[in-house]
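Trainee: Let me give you the structure first, and then I'll get to my questions.
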Amino acid sequence: MKALHLSTRTLLLACALALVAILGLSLLRSLQRAEEDNIRVAHTYRVLLAAQGLHSEVADAQSCVRGFLLSGTESYLVEYQSALDAIPETQRQLRQLTLDNREEQSSLDEMDRLIAARRRLFPLAIAYRRAHGVAPPPGAVVTRGSGKILMDRIAAVLDGIVRTEQGLLAQRQAASRQLAANTSWAVGISAVALLLLLTWITYRVEADFAERQRVERDLRSSRQALEASERLMRGTFDNAAVGIALAAPNGRWLQVNQRLCDIVGYSKEELLQKTFQQITHPADLQREVGWLDNFNKGAISTYSTEKRYLRKDGSITWVNLTVSFIPGADGRPERFIGVIEDINARKNAEEALRAANRSLQRSNEDLEQFLYAASHDLQEPLRTVSVFSQLFVRDYGNSFDEKGRRYLDIVMASSRRMQQLIDALLAFSMNTADVAAGIQSVDFEAVFSQAIDALRSQIDEAGATVSHDPLPTVRGNALRLTEVLQNLISNSLKYRRPDCAPYIHIACIPHGDDWLFTVRDDGIGFEPVDAERIFGMFKRLHGGDIPGTGIGLAVVKTVIQRHDGRVWAQSEGEGKGAAFFFTLPR
């Protein structure tokens, strides 16, 4: 843009100078032509004056001769001689002035002969007057018509020359006027064009000046913005919460921030004297060489890894390193930019968490073994109580009154209830202990079919309808997922309304990174405040009115959680049905 403006401005200035030169040359040529016309006009006037002078001199000579002839006064002859002497010089001037006009030169030749003839008659007439004392008579040779004829012919020749010169004068005056008019127009048009061009040049100069000022302002603003950006980048680099470094292809640190120095325990000056290989843990160094080779080969553009640095005090610190490169002219890495995040605390926490998980796993295993053993150990005294209660009723039942028999029935019912609870507890420990085992692709359509087959008698007894939408394939333990769906459908069958056949529907939709399953029924429902409590072990909202151990939903919650899913329930209140939701990863 600057070059274009400069070229345009130069072109405009060249046009202005060319126009001024053309105008000057035109004016000079006009002045020269005007001068030439003036010379021609003056020349014409001199020719006219000479012709008129010659005519006057010849006429004066004739008048003086006539006066002498009539009066005899000698003074007339003096004037006659003076006029006669002037005639040759005037003739010479007139011939000299008309050298460029061949026609006038011919007329002058004739006029010279006529003047010479007329001059020959003058002395004869004078001599006659002096001899006789009177003027020659009209019939004398010296006066016989020849004088008048000669004068008339001289006058005619001179008149022809005068008319020719007057014609030339008129033409030259007209040409001079036309030249003046043309010059005026040319000067006017050139002046207007020059004024417009100068105006345009002025406008362009002012516009260029304004543009230059704007560019200078923009440059100042850009410079200020760049300085502010540099300050910001420098401040960001120096005060970043992570370590940032610039390294050469050989691994030598070129620039480091304070946070990196804090991570590795070196000062900036000390760190800039080292390479990253020198502070890398030997076990991680081989990987560093590998990614450096890949960078130099152009195989990768970024690299990220967790590694260990050797601090100045000899301790080891874990960092998360992300590296990218700045290419040179040949496309190969010229500089490396590294972002170093201190993850030592996280690594320590992860190790502590792994240790806690191992301890928890051992505790869970011990708890499961205890629960299994306790369930089996509780079976024996419970069976003893149950068997001897039955024998007692058989052998001594008739010995009790009604109150005693009622007490005995309570003992036997409690024994059976205790047996159910122990069986449920044993099933819970068995069902939740091996969820992680046997993880595979599971067709939920098959899970649904197996759950329905297991509950066929309960469904038929309740006259229930169980429907479902298309169900996906998931990753999980097929047996435990079947128990989940079986427990949820069984729960809906048990908590149905007594006045109508239950309707249960299973749906599934994508939900973010999960599948969202819904088991919805039209049963008796529950109060919203109990939505969390119903998943607790042995938690039953309706007491002993509805059979069950209160452990089915606890099993559902544990199995789903061990599949990395969530489970929850919703209901708008008693008699308004319930919906159970659970998620499984996609």
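By convention in this document, the chains of the structure tokens carry letters A, B, ... by their order, each chain's residues are numbered from 1, and ligands are numbered from 1 in the order they are shown.
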Mind checking which residues fall within 6 Å of stretch 523-535 of chain A, counting only C-alpha atoms, ignoring those fewer than 3 positions away in the same chain, and posting them as a list in words?
Mentor: Tyr495, Arg496, Arg497, Lys539, Leu553, Ala554, Ala569, Ser571, Gly573, Glu574, Gly575, Lys576, Gly577 and Ala578 of chain A
Trainee: Taking 3 positions as the minimum chain separation for residues in the same chain, which residues sit within 6 Å of stretch 325-336 of chain A when counting only C-alpha atoms? Answer as a PyMOL selection string.
Mentor: chain A and resi 246-248
Trainee: List every residue of stretch 154-338 of chain A that DSSP, applied to the backbone, labels as strand (DSSP E), and write the result as a ChimeraX atom specification.
Mentor: /A:243-247,253-256,302-310,316-327,333-338
Trainee: Report as a PDB file with C-alpha atoms, in the first residue's frame all protein, DNA and RNA residues lying within 12 Å of stretch 79-96 of chain A, evaluated on only C-alpha atoms, omitting residues in the same chain fewer than 4 positions from it.
Mentor:
ATOM      1  CA  HIS A  43       6.131  45.377 -41.751  1.00  0.00           C
ATOM      2  CA  THR A  44       2.757  45.837 -43.476  1.00  0.00           C
ATOM      3  CA  TYR A  45       2.377  49.237 -41.902  1.00  0.00           C
ATOM      4  CA  ARG A  46       5.871  50.197 -43.126  1.00  0.00           C
ATOM      5  CA  VAL A  47       4.975  49.029 -46.644  1.00  0.00           C
ATOM      6  CA  LEU A  48       1.769  51.078 -46.504  1.00  0.00           C
ATOM      7  CA  LEU A  49       3.608  54.111 -45.178  1.00  0.00           C
ATOM      8  CA  ALA A  50       6.309  53.757 -47.835  1.00  0.00           C
ATOM      9  CA  ALA A  51       3.696  53.405 -50.632  1.00  0.00           C
ATOM     10  CA  GLN A  52       1.733  56.356 -49.333  1.00  0.00           C
ATOM     11  CA  GLY A  53       5.014  58.335 -48.934  1.00  0.00           C
ATOM     12  CA  LEU A  54       6.066  57.586 -52.493  1.00  0.00           C
ATOM     13  CA  HIS A  55       2.648  58.626 -53.792  1.00  0.00           C
ATOM     14  CA  SER A  56       2.837  61.861 -51.741  1.00  0.00           C
ATOM     15  CA  GLU A  57       6.373  62.656 -52.918  1.00  0.00           C
ATOM     16  CA  VAL A  58       5.456  62.213 -56.608  1.00  0.00           C
ATOM     17  CA  ALA A  59       2.249  64.216 -56.053  1.00  0.00           C
ATOM     18  CA  ASP A  60       4.220  66.947 -54.210  1.00  0.00           C
ATOM     19  CA  ALA A  61       6.754  67.159 -57.040  1.00  0.00           C
ATOM     20  CA  GLN A  62       3.948  67.527 -59.554  1.00  0.00           C
ATOM     21  CA  SER A  63       2.164  70.185 -57.414  1.00  0.00           C
ATOM     22  CA  CYS A  64       5.395  72.173 -57.011  1.00  0.00           C
ATOM     23  CA  VAL A  65       6.017  72.067 -60.795  1.00  0.00           C
ATOM     24  CA  ARG A  66       2.462  73.178 -61.456  1.00  0.00           C
ATOM     25  CA  GLY A  67       2.806  76.053 -58.989  1.00  0.00           C
ATOM     26  CA  PHE A  68       6.027  77.193 -60.682  1.00  0.00           C
ATOM     27  CA  LEU A  69       4.463  76.939 -64.100  1.00  0.00           C
ATOM     28  CA  THR A  73       8.044  81.517 -58.393  1.00  0.00           C
ATOM     29  CA  GLU A  74      11.410  79.814 -57.927  1.00  0.00           C
ATOM     30  CA  SER A  75      10.584  78.699 -54.374  1.00  0.00           C
ATOM     31  CA  ASP A 100       9.100  38.591 -50.179  1.00  0.00           C
ATOM     32  CA  ASN A 101       6.164  39.472 -52.495  1.00  0.00           C
ATOM     33  CA  ARG A 102       6.855  38.717 -56.181  1.00  0.00           C
ATOM     34  CA  GLU A 103       3.592  40.331 -57.321  1.00  0.00           C
ATOM     35  CA  GLU A 104       4.366  43.589 -55.555  1.00  0.00           C
ATOM     36  CA  GLN A 105       7.919  43.511 -56.960  1.00  0.00           C
ATOM     37  CA  SER A 106       6.416  43.385 -60.486  1.00  0.00           C
ATOM     38  CA  SER A 107       4.119  46.292 -59.611  1.00  0.00           C
ATOM     39  CA  LEU A 108       7.117  48.244 -58.328  1.00  0.00           C
ATOM     40  CA  ASP A 109       9.009  47.598 -61.599  1.00  0.00           C
ATOM     41  CA  GLU A 110       6.098  49.130 -63.512  1.00  0.00           C
ATOM     42  CA  MET A 111       5.825  52.007 -61.041  1.00  0.00           C
ATOM     43  CA  ASP A 112       9.559  52.731 -61.381  1.00  0.00           C
ATOM     44  CA  ARG A 113       9.140  53.051 -65.189  1.00  0.00           C
ATOM     45  CA  ILE A 115       7.888  57.545 -62.174  1.00  0.00           C
ATOM     46  CA  ALA A 116      10.924  57.776 -64.434  1.00  0.00           C
ATOM     47  CA  ARG A 118       6.957  61.351 -65.208  1.00  0.00           C
ATOM     48  CA  ARG A 119      10.230  62.770 -63.941  1.00  0.00           C
ATOM     49  CA  ARG A 120      11.446  63.295 -67.529  1.00  0.00           C
ATOM     50  CA  PHE A 122       9.105  67.886 -65.205  1.00  0.00           C
ATOM     51  CA  PRO A 123      12.334  69.498 -66.522  1.00  0.00           C
ATOM     52  CA  ILE A 126      10.194  74.034 -66.174  1.00  0.00           C
ATOM     53  CA  LEU A 158       0.357  52.262 -55.533  1.00  0.00           C
ATOM     54  CA  ILE A 161       0.125  47.659 -53.444  1.00  0.00           C
ATOM     55  CA  VAL A 162      -1.839  49.352 -50.645  1.00  0.00           C
ATOM     56  CA  GLU A 165      -0.892  45.101 -47.930  1.00  0.00           C
TER      57      GLU A 165
END
